[in-house]
Structures are given as C-alpha cells and as structure tokens.
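*Asks:* Handing over my_file03.pdb, PDB, C-alpha atoms.
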ATOM      1  CA  MET U   1    -126.965  39.718 -32.670
ATOM      2  CA  LYS U   2    -124.887  36.506 -32.256
ATOM      3  CA  ILE U   3    -124.637  36.188 -36.042
ATOM      4  CA  TYR U   4    -123.641  39.759 -36.829
ATOM      5  CA  MET U   5    -121.196  40.493 -34.015
ATOM      6  CA  PRO U   6    -118.263  38.437 -35.474
ATOM      7  CA  LEU U   7    -118.953  40.017 -38.888
ATOM      8  CA  LEU U   8    -118.850  43.483 -37.295
ATOM      9  CA  VAL U   9    -115.518  42.699 -35.636
ATOM     10  CA  SER U  10    -114.075  41.408 -38.925
ATOM     11  CA  THR U  11    -115.219  44.529 -40.770
ATOM     12  CA  THR U  12    -113.651  46.841 -38.202
ATOM     13  CA  LEU U  13    -110.378  44.914 -38.318
ATOM     14  CA  ALA U  14    -110.361  45.043 -42.122
ATOM     15  CA  ILE U  15    -110.687  48.826 -42.045
ATOM     16  CA  SER U  16    -107.566  48.991 -39.873
ATOM     17  CA  LEU U  17    -105.363  46.864 -42.159
ATOM     18  CA  PRO U  18    -103.768  49.815 -43.997
ATOM     19  CA  ALA U  19    -102.687  51.187 -40.623
ATOM     20  CA  ALA U  20     -99.711  48.872 -40.300
ATOM     21  CA  TYR U  21     -97.641  50.942 -37.902
ATOM     22  CA  ALA U  22     -98.479  52.972 -34.828
ATOM     23  CA  GLU U  23     -97.707  56.638 -35.297
ATOM     24  CA  GLY U  24     -98.711  57.760 -31.824
ATOM     25  CA  PRO U  25     -99.159  59.342 -29.559
ATOM     26  CA  ILE U  26     -99.059  56.357 -27.229
ATOM     27  CA  ASP U  27    -101.366  57.507 -24.463
ATOM     28  CA  GLY U  28    -101.050  55.099 -21.540
ATOM     29  CA  LYS U  29    -101.230  55.553 -17.807
ATOM     30  CA  VAL U  30    -101.396  53.779 -14.480
ATOM     31  CA  TYR U  31    -104.540  54.515 -12.491
ATOM     32  CA  GLY U  32    -106.444  53.194  -9.527
ATOM     33  CA  LYS U  33    -107.977  53.902  -6.163
ATOM     34  CA  ILE U  34    -107.634  52.817  -2.559
ATOM     35  CA  ASN U  35    -110.857  52.630  -0.594
ATOM     36  CA  ALA U  36    -110.615  51.298   2.954
ATOM     37  CA  ALA U  37    -113.099  51.579   5.808
ATOM     38  CA  VAL U  38    -113.664  50.579   9.395
ATOM     39  CA  LEU U  39    -116.863  48.539   9.294
ATOM     40  CA  SER U  40    -119.244  47.512  12.017
ATOM     41  CA  THR U  41    -121.641  44.830  10.779
ATOM     42  CA  ASP U  42    -124.584  42.883  12.117
ATOM     43  CA  ASP U  43    -125.810  39.697  10.418
ATOM     44  CA  LYS U  44    -128.868  38.240  12.178
ATOM     45  CA  GLY U  45    -127.569  39.355  15.554
ATOM     46  CA  ILE U  46    -123.925  38.397  14.961
ATOM     47  CA  SER U  47    -121.827  41.561  15.235
ATOM     48  CA  ASP U  48    -118.278  42.205  14.044
ATOM     49  CA  THR U  49    -115.914  45.128  13.542
ATOM     50  CA  PHE U  50    -113.044  45.020  11.037
ATOM     51  CA  LEU U  51    -111.142  46.829   8.286
ATOM     52  CA  GLU U  52    -112.572  46.346   4.797
ATOM     53  CA  SER U  53    -111.373  47.243   1.309
ATOM     54  CA  HIS U  54    -114.197  48.433  -0.944
ATOM     55  CA  ALA U  55    -113.021  47.320  -4.402
ATOM     56  CA  SER U  56    -109.616  49.029  -4.232
ATOM     57  CA  ARG U  57    -107.922  48.603  -7.597
ATOM     58  CA  ILE U  58    -104.960  49.283  -9.829
ATOM     59  CA  GLY U  59    -105.000  49.359 -13.610
ATOM     60  CA  PHE U  60    -103.210  50.218 -16.810
ATOM     61  CA  LYS U  61    -105.051  51.778 -19.737
ATOM     62  CA  GLY U  62    -104.427  53.800 -22.842
ATOM     63  CA  LYS U  63    -104.503  53.935 -26.598
ATOM     64  CA  THR U  64    -102.085  54.060 -29.498
ATOM     65  CA  GLY U  65    -103.048  56.196 -32.488
ATOM     66  CA  VAL U  66    -102.603  54.674 -35.939
ATOM     67  CA  GLU U  67    -103.585  55.823 -39.433
ATOM     68  CA  ASN U  68    -107.056  56.695 -40.739
ATOM     69  CA  GLY U  69    -108.337  57.935 -37.379
ATOM     70  CA  ILE U  70    -107.998  54.507 -35.756
ATOM     71  CA  SER U  71    -106.548  53.829 -32.301
ATOM     72  CA  VAL U  72    -105.718  50.618 -30.496
ATOM     73  CA  ILE U  73    -107.173  50.767 -26.968
ATOM     74  CA  TYR U  74    -106.430  48.585 -23.969
ATOM     75  CA  LYS U  75    -107.161  48.160 -20.280
ATOM     76  CA  LEU U  76    -105.857  45.770 -17.616
ATOM     77  CA  GLU U  77    -107.476  46.273 -14.217
ATOM     78  CA  TYR U  78    -107.121  44.286 -11.007
ATOM     79  CA  GLU U  79    -108.800  44.526  -7.630
ATOM     80  CA  VAL U  80    -106.335  44.764  -4.757
ATOM     81  CA  ASN U  81    -106.869  44.337  -1.043
ATOM     82  CA  PRO U  82    -104.828  46.710   1.137
ATOM     83  CA  THR U  83    -106.385  45.279   4.309
ATOM     84  CA  GLU U  84    -104.887  41.779   3.882
ATOM     85  CA  LYS U  85    -101.276  40.613   4.151
ATOM     86  CA  ASN U  86    -101.318  37.336   2.242
ATOM     87  CA  ALA U  87    -103.428  35.496  -0.290
ATOM     88  CA  SER U  88    -105.212  32.726   1.580
ATOM     89  CA  SER U  89    -108.238  30.471   1.355
ATOM     90  CA  SER U  90    -108.418  29.970   5.101
ATOM     91  CA  SER U  91    -111.534  30.978   6.977
ATOM     92  CA  LYS U  92    -111.652  34.393   8.615
ATOM     93  CA  SER U  93    -114.178  35.937  10.926
ATOM     94  CA  THR U  94    -113.508  39.307   9.345
ATOM     95  CA  GLY U  95    -113.426  40.146   5.717
ATOM     96  CA  GLY U  96    -115.261  41.590   2.784
ATOM     97  CA  VAL U  97    -117.372  40.317  -0.049
ATOM     98  CA  THR U  98    -116.436  37.631  -2.555
ATOM     99  CA  ASP U  99    -117.603  37.375  -6.143
ATOM    100  CA  THR U 100    -120.083  34.723  -5.003
ATOM    101  CA  ALA U 101    -121.247  36.409  -1.847
ATOM    102  CA  ALA U 102    -121.098  39.919  -3.301
ATOM    103  CA  SER U 103    -124.507  39.629  -4.938
ATOM    104  CA  THR U 104    -126.083  38.991  -1.560
ATOM    105  CA  GLY U 105    -123.861  41.326   0.426
ATOM    106  CA  GLY U 106    -122.395  38.435   2.395
ATOM    107  CA  GLN U 107    -118.981  38.193   3.951
ATOM    108  CA  TYR U 108    -116.363  36.013   2.382
ATOM    109  CA  GLU U 109    -113.447  33.753   3.174
ATOM    110  CA  ASP U 110    -111.329  34.417   0.084
ATOM    111  CA  THR U 111    -108.521  36.855   0.887
ATOM    112  CA  ALA U 112    -106.738  36.848  -2.479
ATOM    113  CA  ILE U 113    -104.688  40.005  -2.936
ATOM    114  CA  PHE U 114    -105.290  40.392  -6.691
ATOM    115  CA  LYS U 115    -108.560  39.702  -8.523
ATOM    116  CA  GLN U 116    -109.326  40.155 -12.202
ATOM    117  CA  ARG U 117    -111.540  43.099 -13.112
ATOM    118  CA  ASN U 118    -111.986  44.618 -16.581
ATOM    119  CA  ALA U 119    -109.350  43.552 -19.107
ATOM    120  CA  MET U 120    -109.731  44.219 -22.826
ATOM    121  CA  VAL U 121    -108.090  45.169 -26.111
ATOM    122  CA  GLY U 122    -109.893  46.855 -28.986
ATOM    123  CA  LEU U 123    -110.062  49.403 -31.770
ATOM    124  CA  GLU U 124    -111.517  52.905 -31.635
ATOM    125  CA  THR U 125    -112.581  53.856 -35.163
ATOM    126  CA  PRO U 126    -114.679  56.523 -36.903
ATOM    127  CA  ILE U 127    -117.521  53.981 -37.200
ATOM    128  CA  GLY U 128    -117.455  52.918 -33.563
ATOM    129  CA  THR U 129    -115.447  51.070 -30.949
ATOM    130  CA  VAL U 130    -114.982  47.312 -30.821
ATOM    131  CA  MET U 131    -113.262  45.433 -28.008
ATOM    132  CA  MET U 132    -112.842  41.942 -26.591
ATOM    133  CA  GLY U 133    -111.898  40.478 -23.229
ATOM    134  CA  ILE U 134    -113.379  40.419 -19.728
ATOM    135  CA  TYR U 135    -115.624  43.418 -19.195
ATOM    136  CA  ASP U 136    -118.779  44.864 -17.654
ATOM    137  CA  THR U 137    -121.790  44.165 -19.859
ATOM    138  CA  PRO U 138    -123.715  47.013 -21.528
ATOM    139  CA  MET U 139    -126.518  46.173 -19.067
ATOM    140  CA  LYS U 140    -124.280  46.815 -16.069
ATOM    141  CA  LEU U 141    -122.781  49.983 -17.556
ATOM    142  CA  ALA U 142    -126.291  51.297 -18.293
ATOM    143  CA  GLN U 143    -126.763  52.040 -14.576
ATOM    144  CA  GLY U 144    -124.595  55.127 -15.089
ATOM    145  CA  LYS U 145    -124.128  56.822 -11.706
ATOM    146  CA  ILE U 146    -127.431  55.743 -10.162
ATOM    147  CA  ASP U 147    -125.649  53.686  -7.505
ATOM    148  CA  MET U 148    -124.647  56.197  -4.821
ATOM    149  CA  PHE U 149    -123.115  53.407  -2.695
ATOM    150  CA  ASN U 150    -121.292  51.501  -5.408
ATOM    151  CA  ASP U 151    -118.924  48.809  -4.044
ATOM    152  CA  LEU U 152    -119.891  49.488  -0.414
ATOM    153  CA  THR U 153    -120.836  46.516   1.763
ATOM    154  CA  TYR U 154    -124.630  45.974   1.705
ATOM    155  CA  GLY U 155    -125.060  49.317  -0.105
ATOM    156  CA  ASP U 156    -124.267  48.326  -3.706
ATOM    157  CA  ILE U 157    -127.321  47.850  -5.940
ATOM    158  CA  LYS U 158    -126.086  44.380  -6.957
ATOM    159  CA  ASN U 159    -127.538  43.252  -3.627
ATOM    160  CA  VAL U 160    -131.014  44.036  -5.008
ATOM    161  CA  VAL U 161    -131.036  43.717  -8.811
ATOM    162  CA  ASN U 162    -129.832  41.193 -11.387
ATOM    163  CA  GLY U 163    -127.792  42.228 -14.425
ATOM    164  CA  GLU U 164    -124.706  43.580 -12.649
ATOM    165  CA  GLU U 165    -122.343  41.260 -14.499
ATOM    166  CA  ARG U 166    -118.701  41.325 -15.568
ATOM    167  CA  VAL U 167    -118.245  38.432 -17.989
ATOM    168  CA  PRO U 168    -115.345  36.729 -19.806
ATOM    169  CA  ASP U 169    -115.080  35.948 -23.527
ATOM    170  CA  LEU U 170    -116.896  39.181 -24.360
ATOM    171  CA  ILE U 171    -116.981  40.849 -27.782
ATOM    172  CA  ALA U 172    -118.523  44.319 -27.634
ATOM    173  CA  TYR U 173    -119.301  47.174 -30.015
ATOM    174  CA  SER U 174    -120.369  50.777 -29.331
ATOM    175  CA  THR U 175    -121.591  53.197 -31.972
ATOM    176  CA  PRO U 176    -120.371  56.793 -32.171
ATOM    177  CA  GLU U 177    -122.633  59.177 -30.264
ATOM    178  CA  PHE U 178    -125.393  60.519 -32.519
ATOM    179  CA  TYR U 179    -127.483  63.411 -31.155
ATOM    180  CA  GLY U 180    -126.765  62.147 -27.662
ATOM    181  CA  LEU U 181    -127.627  58.512 -28.444
ATOM    182  CA  THR U 182    -125.186  55.619 -28.198
ATOM    183  CA  VAL U 183    -125.949  51.956 -28.890
ATOM    184  CA  ASN U 184    -123.846  49.317 -27.127
ATOM    185  CA  ALA U 185    -123.989  45.593 -27.913
ATOM    186  CA  ALA U 186    -122.017  42.609 -26.628
ATOM    187  CA  VAL U 187    -121.901  38.856 -27.073
ATOM    188  CA  THR U 188    -120.446  36.405 -24.587
ATOM    189  CA  GLN U 189    -118.842  33.564 -26.521
ATOM    190  CA  PHE U 190    -118.890  30.611 -24.133
ATOM    191  CA  GLU U 191    -116.198  28.032 -24.753
ATOM    192  CA  ASP U 192    -116.921  24.384 -25.563
ATOM    193  CA  SER U 193    -115.864  23.379 -22.051
ATOM    194  CA  ASP U 194    -118.754  25.388 -20.572
ATOM    195  CA  GLU U 195    -121.280  22.578 -20.808
ATOM    196  CA  GLY U 196    -124.905  23.644 -20.699
ATOM    197  CA  SER U 197    -124.033  27.286 -21.303
ATOM    198  CA  ASN U 198    -125.393  29.364 -24.155
ATOM    199  CA  ASP U 199    -123.953  32.473 -25.758
ATOM    200  CA  GLY U 200    -125.387  35.521 -24.046
ATOM    201  CA  THR U 201    -126.174  38.935 -25.510
ATOM    202  CA  SER U 202    -126.372  42.325 -23.818
ATOM    203  CA  VAL U 203    -127.637  45.484 -25.530
ATOM    204  CA  SER U 204    -128.157  49.021 -24.247
ATOM    205  CA  VAL U 205    -129.119  52.433 -25.582
ATOM    206  CA  THR U 206    -127.973  55.514 -23.651
ATOM    207  CA  TYR U 207    -128.953  59.159 -24.092
ATOM    208  CA  LYS U 208    -126.955  62.227 -22.978
ATOM    209  CA  GLY U 209    -128.266  64.790 -25.467
ATOM    210  CA  ILE U 210    -129.692  67.138 -22.844
ATOM    211  CA  LYS U 211    -127.412  68.695 -20.252
ATOM    212  CA  ASP U 212    -127.633  67.060 -16.807
ATOM    213  CA  LEU U 213    -130.026  64.359 -18.083
ATOM    214  CA  TYR U 214    -129.108  60.692 -18.424
ATOM    215  CA  LEU U 215    -131.422  58.017 -19.827
ATOM    216  CA  ALA U 216    -130.756  54.360 -20.604
ATOM    217  CA  ALA U 217    -132.538  51.173 -21.588
ATOM    218  CA  ALA U 218    -130.912  47.736 -21.625
ATOM    219  CA  VAL U 219    -131.740  44.091 -22.290
ATOM    220  CA  ASP U 220    -129.784  40.933 -21.419
ATOM    221  CA  SER U 221    -130.490  37.543 -22.962
ATOM    222  CA  GLU U 222    -129.024  34.453 -21.283
ATOM    223  CA  VAL U 223    -126.254  36.387 -19.537
ATOM    224  CA  ASP U 224    -125.274  34.419 -16.436
ATOM    225  CA  GLY U 225    -128.504  32.447 -16.781
ATOM    226  CA  TYR U 226    -130.958  35.364 -16.824
ATOM    227  CA  TYR U 227    -133.109  37.456 -19.106
ATOM    228  CA  VAL U 228    -133.011  41.025 -17.757
ATOM    229  CA  GLN U 229    -134.650  44.324 -18.736
ATOM    230  CA  ARG U 230    -133.653  47.714 -17.324
ATOM    231  CA  LEU U 231    -134.707  51.364 -17.527
ATOM    232  CA  VAL U 232    -132.630  54.166 -15.984
ATOM    233  CA  ALA U 233    -133.198  57.908 -15.568
ATOM    234  CA  GLN U 234    -131.149  60.494 -13.694
ATOM    235  CA  TYR U 235    -131.278  64.288 -13.616
ATOM    236  CA  LYS U 236    -129.222  66.948 -11.865
ATOM    237  CA  PHE U 237    -130.985  70.074 -10.539
ATOM    238  CA  LYS U 238    -128.058  72.334  -9.637
ATOM    239  CA  ASN U 239    -126.876  70.797  -6.328
ATOM    240  CA  LEU U 240    -129.529  68.071  -6.221
ATOM    241  CA  THR U 241    -129.232  64.839  -8.234
ATOM    242  CA  VAL U 242    -132.087  62.326  -8.361
ATOM    243  CA  GLY U 243    -132.422  59.069 -10.230
ATOM    244  CA  ALA U 244    -134.350  55.829 -10.568
ATOM    245  CA  LEU U 245    -133.669  52.369 -11.963
ATOM    246  CA  LEU U 246    -136.352  49.791 -12.818
ATOM    247  CA  ASN U 247    -135.288  46.174 -13.270
ATOM    248  CA  SER U 248    -137.067  42.997 -14.331
ATOM    249  CA  SER U 249    -135.461  39.564 -14.648
ATOM    250  CA  GLU U 250    -136.306  35.925 -15.274
ATOM    251  CA  LYS U 251    -134.173  32.783 -15.167
ATOM    252  CA  SER U 252    -133.423  31.530 -18.665
ATOM    253  CA  ASN U 253    -134.049  27.939 -19.749
ATOM    254  CA  THR U 254    -135.865  27.208 -16.474
ATOM    255  CA  THR U 255    -139.339  25.682 -16.569
ATOM    256  CA  GLY U 256    -141.851  27.609 -14.492
ATOM    257  CA  SER U 257    -139.624  30.639 -13.962
ATOM    258  CA  LYS U 258    -141.354  34.011 -13.729
ATOM    259  CA  ASP U 259    -140.453  37.673 -13.909
ATOM    260  CA  GLU U 260    -139.260  39.288 -10.712
ATOM    261  CA  ASP U 261    -139.111  43.077 -10.429
ATOM    262  CA  SER U 262    -136.982  45.500  -8.436
ATOM    263  CA  ALA U 263    -136.512  49.260  -8.237
ATOM    264  CA  ILE U 264    -133.789  51.611  -7.017
ATOM    265  CA  ILE U 265    -134.261  55.291  -6.113
ATOM    266  CA  SER U 266    -131.259  57.453  -5.242
ATOM    267  CA  ALA U 267    -130.556  61.097  -4.471
ATOM    268  CA  SER U 268    -127.642  63.296  -3.440
ATOM    269  CA  TYR U 269    -127.225  66.932  -2.454
ATOM    270  CA  ASN U 270    -123.954  68.897  -2.574
ATOM    271  CA  ILE U 271    -123.156  71.590  -0.020
ATOM    272  CA  ASP U 272    -119.670  73.024  -0.599
ATOM    273  CA  LYS U 273    -117.325  70.083   0.120
ATOM    274  CA  TRP U 274    -120.116  67.942   1.561
ATOM    275  CA  LYS U 275    -122.356  65.476  -0.254
ATOM    276  CA  VAL U 276    -125.375  64.010   1.513
ATOM    277  CA  LYS U 277    -126.796  60.935  -0.207
ATOM    278  CA  ALA U 278    -129.578  58.402   0.189
ATOM    279  CA  GLN U 279    -130.676  55.269  -1.632
ATOM    280  CA  PHE U 280    -133.641  52.938  -1.379
ATOM    281  CA  GLY U 281    -134.115  49.647  -3.189
ATOM    282  CA  SER U 282    -136.821  47.026  -3.080
ATOM    283  CA  GLY U 283    -137.919  43.993  -5.052
ATOM    284  CA  ASP U 284    -138.016  40.230  -5.383
ATOM    285  CA  GLU U 285    -135.081  39.504  -7.706
ATOM    286  CA  LYS U 286    -132.564  38.553  -5.025
ATOM    287  CA  SER U 287    -135.011  37.574  -2.293
ATOM    288  CA  LYS U 288    -138.741  37.936  -1.715
ATOM    289  CA  GLY U 289    -139.617  41.387  -0.388
ATOM    290  CA  LEU U 290    -135.981  42.460  -0.121
ATOM    291  CA  GLU U 291    -135.473  46.078   0.944
ATOM    292  CA  GLN U 292    -132.244  48.067   0.946
ATOM    293  CA  VAL U 293    -131.791  51.375   2.758
ATOM    294  CA  ALA U 294    -128.511  53.302   2.571
ATOM    295  CA  LEU U 295    -127.652  56.736   3.950
ATOM    296  CA  GLY U 296    -124.320  58.499   3.857
ATOM    297  CA  VAL U 297    -122.267  61.666   3.761
ATOM    298  CA  ASP U 298    -119.002  62.385   1.900
ATOM    299  CA  TYR U 299    -116.491  65.129   2.661
ATOM    300  CA  LYS U 300    -114.186  66.077  -0.203
ATOM    301  CA  LEU U 301    -110.580  66.486   0.882
ATOM    302  CA  GLY U 302    -109.358  67.250  -2.630
ATOM    303  CA  LYS U 303    -110.083  66.588  -6.263
ATOM    304  CA  GLN U 304    -109.284  62.869  -5.898
ATOM    305  CA  SER U 305    -109.792  62.242  -2.182
ATOM    306  CA  LYS U 306    -112.664  62.015   0.278
ATOM    307  CA  VAL U 307    -113.681  60.649   3.649
ATOM    308  CA  TYR U 308    -117.123  59.122   4.045
ATOM    309  CA  LEU U 309    -119.564  57.822   6.597
ATOM    310  CA  TYR U 310    -122.417  55.521   5.646
ATOM    311  CA  SER U 311    -125.000  53.081   6.944
ATOM    312  CA  ALA U 312    -126.712  50.370   4.888
ATOM    313  CA  SER U 313    -129.184  47.595   5.622
ATOM    314  CA  LEU U 314    -130.751  44.630   3.802
ATOM    315  CA  LYS U 315    -133.909  42.898   4.995
ATOM    316  CA  ASP U 316    -136.436  40.587   3.327
ATOM    317  CA  ASP U 317    -139.792  38.927   4.064
ATOM    318  CA  VAL U 318    -138.396  35.400   4.241
ATOM    319  CA  ILE U 319    -138.548  33.731   7.655
ATOM    320  CA  GLY U 320    -134.953  33.339   8.775
ATOM    321  CA  GLY U 321    -133.804  35.169   5.650
ATOM    322  CA  THR U 322    -131.756  38.304   5.127
ATOM    323  CA  ASP U 323    -131.256  40.774   7.993
ATOM    324  CA  LYS U 324    -127.934  42.582   7.594
ATOM    325  CA  ARG U 325    -126.556  45.987   8.531
ATOM    326  CA  ALA U 326    -123.259  47.781   8.048
ATOM    327  CA  ASN U 327    -121.923  51.079   9.357
ATOM    328  CA  GLY U 328    -118.681  52.337   7.881
ATOM    329  CA  LEU U 329    -116.172  55.147   8.163
ATOM    330  CA  GLY U 330    -113.725  55.198   5.280
ATOM    331  CA  ILE U 331    -111.211  57.012   3.101
ATOM    332  CA  GLU U 332    -111.069  56.904  -0.702
ATOM    333  CA  HIS U 333    -108.178  58.193  -2.787
ATOM    334  CA  LYS U 334    -107.983  57.980  -6.566
ATOM    335  CA  PHE U 335    -104.787  58.273  -8.593
TER
END
Give the structure from the file, written as structure tokens.
*Replies:*
Amino acid sequence: MKIYMPLLVSTTLAISLPAAYAEGPIDGKVYGKINAAVLSTDDKGISDTFLESHASRIGFKGKTGVENGISVIYKLEYEVNPTEKNASSSSKSTGGVTDTAASTGGQYEDTAIFKQRNAMVGLETPIGTVMMGIYDTPMKLAQGKIDMFNDLTYGDIKNVVNGEERVPDLIAYSTPEFYGLTVNAAVTQFEDSDEGSNDGTSVSVTYKGIKDLYLAAAVDSEVDGYYVQRLVAQYKFKNLTVGALLNSSEKSNTTGSKDEDSAIISASYNIDKWKVKAQFGSGDEKSKGLEQVALGVDYKLGKQSKVYLYSASLKDDVIGGTDKRANGLGIEHKF
C-alpha cells in the first residue's frame, strides 16, 4: 500500500492536467456546530460542576468543478470553545478533554480557543477521490454512526477502543461506490524529523447496498503505534436502530505485546421528537476490564437543533484505576 499510494495520486493528478481552468460551479460554504452543556462530574470521589464544549466547531468546505468530470475539493475545520474567554495554558479546575486526555476521558488544562480538526485538499474524479492533509483515518470513519455519544465527556467510544485517530501528513484514496461497496485506503507519510516513526496505513471496506444496513471492516498498520482490526454492523428497524463494533489492537514494534479486544453495543429509539439511546462498551484496550455505560435522551427542537440529557460512566478492574462519571444537560445547534 505504501508503494502504490504515491503512484495512485500521480495518476489521478495526470488525469486532471487537461482541466486547466475551473468552470464551476464553485460550491463552498461555511458550516459548523455549537454544542455546550452543563456537566456534573465525579472522578474517584472528586466532584465538579462546570460548562463544557463538546467539540464545537467551525469549518469551510466545498468543491470547484473542472473539465472531464473532475472537481477540486477542500475542507478546513477547526474546533472552537465557546465556554472559554482566552487561550491559556494555565491550570483550571474546570474544563473539558484535551487531545491527550480525550482517549481516557480525562479533564484537561489546555483552554486553546481554536484547535485543528480535519483539513484537506483533493480531487474528486470518475475513478475515485484522492485527498491529502490532516484527516480522520479510514479506520476511524468506519465506525459510521455506531457512537451514540460521540464527543460527549466519558461517553465517546474513543475512551474504550483504539483506532480513533486523526493524523497529519495523510494521503487517502476512496473508490467509487460499486454495488454498495466502497474501499478506502490511506498512508501517513511521517516526516524525517519524526524519529522512530514508521509510515502507517489504514484501509477500510464499507457496505451500504441494502437499505438501512451498514457494514464495515477496517485494518490499521502502525498508525499511532498500533495494529488495529475492526468490524462494524448497524441496522435500522423503523424507529429502532441497533449496532455493534468489535475491535482488536496490538502495540506495533513492541516486544511481548499482545492483542487486546473491546466491543461496543449501541441502540436508539425514536418517538416523535424524542430519541432515547443507550450504549455499552467493554474491553482491555484502554485499561484492563474497562466498562463504559452511557444513557441519554435527545429532544429535537428543529432540523438542526436539539437539547439533550445524558449520563456516562467509565470503570475498570485496576486497583486505584478508572472510576469516572458525568451527567450533562446540553444544547446542540448545527449551521
């Protein structure tokens, strides 16, 4: 995969050479969401109540049509924090989750207003889409909509499973959909300054050929220091949606490392403007015997707005290890 990815990019670029000038339409827009909640947390008996932003963001995306059915695509997305006034590295007793602490659901000291999310430029062609930049790996994207508590403190599945990575220096390619199947492949090209790092690869196959059914399989090799395998299935029965994710990971280039497994089960039920949802995760990838339980209810205020109430907990079998809980009442608005 490492050998053929640059060749694939070169081939796609060569196809676009005759398209010297954009002929439009130029389809670009500003988008984003604000998600803020009042949180009450408990971390090993230490309680706190504060306002928290759950991955609020603003972005710019679009595409410019050129000749021969080719379009230039782009995205620049940044996380914003509407609950903080200034960027600061000073310690705070209240706050959210940093990039480092996010994987464990911990609270963080970094209060930077803007943080880099997905940023890429690429070509959409009749033979597939190629892009480069900072982006979610095919492994991460393979989760689909399994995570009912995505971005919520202690509720996000990244607290339980490995493979939820957004990486820099990424070159990715996606095939056109064929009978519901799409193949996605990416290579992380580490720079020379990243001593001890190896190029990583991430590959996924997704299937959407049957209405209301989603299937995916993904493999990571040496992405952020791990080998990861993932299977995903989700199905919607009228108002009821159920899904499961199975994950297995092992540290790469580490003597004596062994596979650790985890699983996520999620479900939601829609009643008019209400959505009741539940999620359970367990495994040893993040911590031995780690269990995640999340329950919540959403009320839809409009097409792009909702209020929500949720409760999530993380607990493991390690003496003095993880024992965290969060209860939140929040508002989300997309634009």
*Asks:* Run the PyMOL selection byres ((chain U and resi 167) around 6) against the file shown and list the residues it catches, as a PyMOL selection string.
*Replies:* chain U and resi 134-135+166+168
*Asks:* Name the residues captured by the PyMOL selection byres ((chain U and resi 275) around 12) when it is applied to the shown file; answer as a list of chain:residue names.
*Replies:*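 What the PyMOL selection byres ((chain U and resi 275) around 12) grabs from the file is U:Met148, U:Asn239, U:Leu240, U:Thr241, U:Ala267, U:Ser268, U:Tyr269, U:Asn270, U:Ile271, U:Asp272, U:Lys273, U:Trp274, U:Val276, U:Lys277, U:Ala278, U:Leu295, U:Gly296, U:Val297, U:Asp298, U:Tyr299, U:Lys300, U:Leu301, U:Lys306, U:Val307, U:Tyr308, U:Leu309, U:Tyr310.
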*Asks:* Evaluated on this file, the PyMOL selection byres ((chain U and resi 234) around 10) picks out some residues - which ones are they, written as a PyMOL selection string?
*Replies:* chain U and resi 143-146+212-216+232-233+235-236+241-245+265-267
*Asks:* With C-alpha atoms retained, could you export that selection as a compact mmCIF listing (two decimals), in the coordinates of the input?
*Replies:*
# COMPACT_ATOMS: atom_id res chain seq x y z
CA GLN U 143 -126.76 52.04 -14.58
CA GLY U 144 -124.60 55.13 -15.09
CA LYS U 145 -124.13 56.82 -11.71
CA ILE U 146 -127.43 55.74 -10.16
CA ASP U 212 -127.63 67.06 -16.81
CA LEU U 213 -130.03 64.36 -18.08
CA TYR U 214 -129.11 60.69 -18.42
CA LEU U 215 -131.42 58.02 -19.83
CA ALA U 216 -130.76 54.36 -20.60
CA VAL U 232 -132.63 54.17 -15.98
CA ALA U 233 -133.20 57.91 -15.57
CA TYR U 235 -131.28 64.29 -13.62
CA LYS U 236 -129.22 66.95 -11.86
CA THR U 241 -129.23 64.84 -8.23
CA VAL U 242 -132.09 62.33 -8.36
CA GLY U 243 -132.42 59.07 -10.23
CA ALA U 244 -134.35 55.83 -10.57
CA LEU U 245 -133.67 52.37 -11.96
CA ILE U 265 -134.26 55.29 -6.11
CA SER U 266 -131.26 57.45 -5.24
CA ALA U 267 -130.56 61.10 -4.47
*Asks:* Just want the 10 Å neighbourhood of Asp259 in chain U, counted on all atoms listed in the file, with same-chain residues fewer than 6 positions away dropped. Output as an MDAnalysis selection string.
*Replies:* chainID U and resid 227:228 247:251 284:285
*Asks:* How far is it from CA of Gly32 in chain U to CA of Arg57 in chain U, in Å with one decimal?
*Replies:* 5.2 Å
*Asks:* Residues near Asn253 in chain U, anyone? I mean within 9 Å using only C-alpha atoms, not counting same-chain ones fewer than 4 positions away, as a count of residues only.
*Replies:* 4
*Asks:* Have a look at U:Thr322, U:Gln292, U:Asn81, U:Asn327 and name the one nearest to Gly45 in chain U; count all atoms listed in the file.
*Replies:*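 Ranking U:Thr322, U:Gln292, U:Asn81, U:Asn327 by distance to Gly45 in chain U, first place goes to U:Thr322.
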*Asks:* Given 6 Å of margin on each side, can you work out the centre and size in Å (one decimal) of an axis-aligned box holding every listed atom of range 297-316 of chain U, as JSON?
*Replies:*
{"center_x": -122.9, "center_y": 53.9, "center_z": 0.3, "size_x": 39.2, "size_y": 38.7, "size_z": 25.2}
*Asks:* Would you list the contacts of range 117-133 of chain U as a list in words, taking every protein, DNA or RNA residue within 7 Å and counting only C-alpha atoms, but skipping same-chain residues closer than 3 positions in sequence?
*Replies:*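 The residues that qualify are Val9, Gly69, Ile70, Ser71, Val72, Ile73, Tyr74, Lys75, Leu76, Glu77, Tyr78, Glu79, Asp136, Pro168, Asp169, Leu170, Ile171, Ala172, Tyr173, Ser174, Thr175 and Pro176 of chain U.
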*Asks:* CA of Ser313 in chain U and CA of Ala294 in chain U, how far apart in Å?
*Replies:*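 For CA of Ala294 in chain U relative to CA of Ser313 in chain U, the distance reads 6.5 Å.
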*Asks:* Please provide the set of residues having any atom within 10 Å of Gly321 in chain U, restricted to only C-alpha atoms, with same-chain residues fewer than 4 positions apart removed, written as a list in words.
*Replies:*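 Selected residues are Lys44, Ser287, Lys288, Leu290, Lys315, Asp316 and Asp317 of chain U.
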*Asks:* If you measure from CA of Ser53 in chain U to CA of Ile113 in chain U, what distance in Å do you get, rounded to one decimal?
*Replies:* 10.7 Å
